[in-house]
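Next comes my_file_32.txt, a file with compact mmCIF, N, CA, C and O atoms.
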# COMPACT_ATOMS: atom_id res chain seq x y z
N MET A 1 153.68 160.62 73.99
CA MET A 1 153.84 160.35 72.58
C MET A 1 153.15 161.41 71.74
O MET A 1 153.68 161.85 70.74
N GLY A 2 151.97 161.84 72.16
CA GLY A 2 151.20 162.79 71.39
C GLY A 2 151.92 164.09 71.12
O GLY A 2 151.87 164.63 70.03
N THR A 3 152.64 164.61 72.14
CA THR A 3 153.32 165.89 71.99
C THR A 3 154.41 165.82 70.93
O THR A 3 154.52 166.71 70.09
N THR A 4 155.23 164.79 70.96
CA THR A 4 156.30 164.66 69.98
C THR A 4 155.73 164.51 68.57
O THR A 4 156.19 165.18 67.65
N LEU A 5 154.73 163.67 68.42
CA LEU A 5 154.09 163.49 67.12
C LEU A 5 153.51 164.80 66.63
O LEU A 5 153.68 165.17 65.48
N LYS A 6 152.86 165.52 67.52
CA LYS A 6 152.26 166.81 67.17
C LYS A 6 153.32 167.79 66.67
O LYS A 6 153.13 168.44 65.64
N LYS A 7 154.44 167.86 67.37
CA LYS A 7 155.52 168.77 66.95
C LYS A 7 156.06 168.37 65.59
O LYS A 7 156.29 169.22 64.73
N GLU A 8 156.29 167.08 65.41
CA GLU A 8 156.81 166.59 64.13
C GLU A 8 155.87 166.93 62.99
O GLU A 8 156.29 167.38 61.92
N VAL A 9 154.58 166.71 63.21
CA VAL A 9 153.57 167.00 62.17
C VAL A 9 153.56 168.49 61.86
O VAL A 9 153.54 168.89 60.70
N ARG A 10 153.58 169.32 62.88
CA ARG A 10 153.56 170.77 62.65
C ARG A 10 154.76 171.24 61.83
O ARG A 10 154.62 172.08 60.95
N ILE A 11 155.93 170.69 62.13
CA ILE A 11 157.14 171.07 61.39
C ILE A 11 157.01 170.68 59.92
O ILE A 11 157.28 171.48 59.03
N VAL A 12 156.59 169.44 59.67
CA VAL A 12 156.47 168.97 58.28
C VAL A 12 155.40 169.77 57.53
O VAL A 12 155.61 170.19 56.39
N LEU A 13 154.26 170.01 58.18
CA LEU A 13 153.20 170.78 57.53
C LEU A 13 153.66 172.20 57.21
O LEU A 13 153.40 172.71 56.12
N ALA A 14 154.36 172.82 58.15
CA ALA A 14 154.86 174.18 57.91
C ALA A 14 155.86 174.20 56.76
O ALA A 14 155.82 175.10 55.92
N THR A 15 156.72 173.20 56.72
CA THR A 15 157.72 173.11 55.65
C THR A 15 157.05 172.96 54.29
O THR A 15 157.49 173.55 53.30
N LYS A 16 155.98 172.17 54.26
CA LYS A 16 155.27 171.93 52.99
C LYS A 16 154.24 173.01 52.67
O LYS A 16 153.67 173.00 51.58
N GLY A 17 153.97 173.89 53.63
CA GLY A 17 152.95 174.91 53.41
C GLY A 17 151.55 174.33 53.41
O GLY A 17 150.66 174.83 52.72
N LYS A 18 151.36 173.26 54.18
CA LYS A 18 150.06 172.58 54.24
C LYS A 18 149.44 172.77 55.61
O LYS A 18 150.10 173.17 56.56
N THR A 19 148.16 172.44 55.71
CA THR A 19 147.43 172.59 56.96
C THR A 19 147.10 171.24 57.58
O THR A 19 147.17 170.20 56.92
N GLN A 20 146.69 171.30 58.83
CA GLN A 20 146.25 170.09 59.52
C GLN A 20 145.00 169.53 58.83
O GLN A 20 144.82 168.33 58.73
N SER A 21 144.18 170.40 58.31
CA SER A 21 142.99 170.00 57.56
C SER A 21 143.39 169.20 56.32
O SER A 21 142.80 168.18 55.99
N TRP A 22 144.41 169.68 55.62
CA TRP A 22 144.92 168.97 54.44
C TRP A 22 145.41 167.58 54.82
O TRP A 22 145.12 166.60 54.13
N LEU A 23 146.13 167.49 55.93
CA LEU A 23 146.65 166.20 56.38
C LEU A 23 145.52 165.24 56.70
O LEU A 23 145.56 164.07 56.31
N ALA A 24 144.51 165.72 57.40
CA ALA A 24 143.37 164.87 57.75
C ALA A 24 142.73 164.31 56.48
O ALA A 24 142.44 163.12 56.38
N GLN A 25 142.54 165.18 55.50
CA GLN A 25 141.95 164.73 54.23
C GLN A 25 142.88 163.72 53.55
O GLN A 25 142.42 162.71 53.03
N HIS A 26 144.16 163.98 53.56
CA HIS A 26 145.16 163.09 52.95
C HIS A 26 145.13 161.71 53.61
O HIS A 26 145.32 160.70 52.94
N LEU A 27 144.89 161.67 54.93
CA LEU A 27 144.87 160.42 55.67
C LEU A 27 143.51 159.72 55.62
O LEU A 27 143.38 158.58 56.04
N GLY A 28 142.49 160.45 55.15
CA GLY A 28 141.15 159.87 55.08
C GLY A 28 140.42 159.86 56.41
O GLY A 28 139.58 158.98 56.65
N ILE A 29 140.75 160.82 57.28
CA ILE A 29 140.07 160.94 58.57
C ILE A 29 139.58 162.36 58.73
O ILE A 29 139.98 163.26 57.98
N ASN A 30 138.71 162.58 59.72
CA ASN A 30 138.24 163.95 59.90
C ASN A 30 139.20 164.73 60.81
O ASN A 30 140.04 164.16 61.51
N GLU A 31 139.07 166.05 60.79
CA GLU A 31 139.98 166.91 61.53
C GLU A 31 139.92 166.68 63.03
O GLU A 31 140.95 166.75 63.71
N ALA A 32 138.73 166.39 63.55
CA ALA A 32 138.59 166.15 64.99
C ALA A 32 139.38 164.92 65.41
O ALA A 32 140.05 164.93 66.45
N GLN A 33 139.31 163.87 64.62
CA GLN A 33 140.05 162.65 64.95
C GLN A 33 141.55 162.92 64.89
O GLN A 33 142.30 162.49 65.77
N LEU A 34 142.00 163.64 63.88
CA LEU A 34 143.42 163.96 63.78
C LEU A 34 143.86 164.77 64.99
O LEU A 34 144.91 164.51 65.57
N SER A 35 143.06 165.71 65.41
CA SER A 35 143.37 166.51 66.59
C SER A 35 143.50 165.64 67.84
O SER A 35 144.44 165.81 68.62
N ARG A 36 142.58 164.70 68.01
CA ARG A 36 142.64 163.80 69.17
C ARG A 36 143.92 162.96 69.14
O ARG A 36 144.56 162.75 70.17
N ILE A 37 144.31 162.51 67.95
CA ILE A 37 145.53 161.70 67.82
C ILE A 37 146.75 162.55 68.17
O ILE A 37 147.60 162.14 68.95
N LEU A 38 146.83 163.75 67.59
CA LEU A 38 147.99 164.60 67.81
C LEU A 38 148.10 165.08 69.24
O LEU A 38 149.20 165.36 69.72
N ASN A 39 146.98 165.18 69.94
CA ASN A 39 146.99 165.61 71.33
C ASN A 39 147.09 164.45 72.31
O ASN A 39 147.06 164.64 73.52
N GLY A 40 147.21 163.22 71.77
CA GLY A 40 147.41 162.05 72.61
C GLY A 40 146.17 161.52 73.29
O GLY A 40 146.26 160.67 74.17
N ARG A 41 145.00 162.00 72.90
CA ARG A 41 143.75 161.53 73.51
C ARG A 41 143.22 160.28 72.83
O ARG A 41 142.36 159.60 73.36
N ASP A 42 143.72 160.00 71.64
CA ASP A 42 143.30 158.83 70.88
C ASP A 42 144.57 158.27 70.23
O ASP A 42 145.36 159.02 69.68
N GLU A 43 144.77 156.96 70.31
CA GLU A 43 145.99 156.38 69.77
C GLU A 43 145.73 155.16 68.88
O GLU A 43 146.23 154.07 69.14
N PRO A 44 144.96 155.32 67.82
CA PRO A 44 144.73 154.19 66.90
C PRO A 44 146.00 153.91 66.10
O PRO A 44 146.48 154.75 65.35
N GLN A 45 146.56 152.74 66.29
CA GLN A 45 147.83 152.39 65.66
C GLN A 45 147.84 152.56 64.14
O GLN A 45 148.81 153.04 63.58
N LYS A 46 146.75 152.18 63.49
CA LYS A 46 146.69 152.28 62.03
C LYS A 46 146.89 153.73 61.57
O LYS A 46 147.65 154.01 60.66
N GLN A 47 146.20 154.64 62.24
CA GLN A 47 146.30 156.06 61.86
C GLN A 47 147.67 156.63 62.22
O GLN A 47 148.24 157.41 61.47
N ILE A 48 148.20 156.22 63.36
CA ILE A 48 149.51 156.70 63.77
C ILE A 48 150.57 156.23 62.78
O ILE A 48 151.47 156.98 62.42
N GLU A 49 150.45 155.00 62.32
CA GLU A 49 151.38 154.48 61.31
C GLU A 49 151.30 155.29 60.02
O GLU A 49 152.32 155.59 59.40
N LYS A 50 150.09 155.68 59.62
CA LYS A 50 149.93 156.51 58.42
C LYS A 50 150.59 157.86 58.61
O LYS A 50 151.23 158.39 57.70
N ILE A 51 150.43 158.43 59.81
CA ILE A 51 151.04 159.73 60.09
C ILE A 51 152.56 159.61 60.07
O ILE A 51 153.25 160.44 59.48
N ARG A 52 153.09 158.57 60.70
CA ARG A 52 154.55 158.36 60.71
C ARG A 52 155.07 158.19 59.28
O ARG A 52 156.13 158.72 58.93
N LYS A 53 154.34 157.46 58.45
CA LYS A 53 154.75 157.27 57.05
C LYS A 53 154.77 158.61 56.34
O LYS A 53 155.70 158.92 55.60
N PHE A 54 153.75 159.42 56.58
CA PHE A 54 153.69 160.75 55.99
C PHE A 54 154.91 161.57 56.41
O PHE A 54 155.52 162.26 55.59
N LEU A 55 155.29 161.51 57.68
CA LEU A 55 156.42 162.26 58.17
C LEU A 55 157.73 161.81 57.52
O LEU A 55 158.58 162.64 57.19
N LYS A 56 157.87 160.51 57.33
CA LYS A 56 159.08 159.99 56.69
C LYS A 56 159.19 160.44 55.24
O LYS A 56 160.25 160.70 54.73
N GLU A 57 158.02 160.49 54.56
CA GLU A 57 158.00 160.91 53.15
C GLU A 57 158.20 162.42 53.04
O GLU A 57 158.59 162.90 51.99
N GLY A 58 157.84 163.13 54.14
CA GLY A 58 157.86 164.58 54.18
C GLY A 58 159.13 165.18 53.74
O GLY A 58 159.29 166.15 53.15
Would you write the structure of this file as structure tokens?
Amino acid sequence: MGTTLKKEVRIVLATKGKTQSWLAQHLGINEAQLSRILNGRDEPQKQIEKIRKFLKEG
């Protein structure tokens, strides 16, 4: 799951000209936690739902 989410996030961020750091701040989490989520090492449903919502709005 992490790899697909990571790819989706990278595409949306590149399209918007934003960084992973910007996304972490937008979600209210730190960059390390976002990295763990995107790499599949951490799967907190609440944060994943926020990321999915961000992608849909993207």
Original post:
Residues at most 8 Å from region 37-51 of chain A, counting all atoms listed in the file, excluding those fewer than 4 positions away in the same chain, as number ranges by chain?
Top reply: A: 1-9, 23, 26-27, 30-33, 55-58
| task | In Å, rounded to a single decimal, give me how far CA of Phe54 (chain A) is from CA of Gly17 (chain A). | result |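 Going from CA of Gly17 (chain A) over to CA of Phe54 (chain A) covers 14.4 Å.
Note that the spacing between atom O of Arg36 (chain A) and atom C of Thr15 (chain A) amounts to 22.6 Å.
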List every residue of chain A that DSSP, applied to the backbone of this structure, assigns to alpha helix (DSSP H), and report them as a PyMOL selection string.
chain A and resi 2-16+20-27+31-38+45-57
A straight line from CA of Ile11 (chain A) to atom N of Gln25 (chain A) spans 16.8 Å
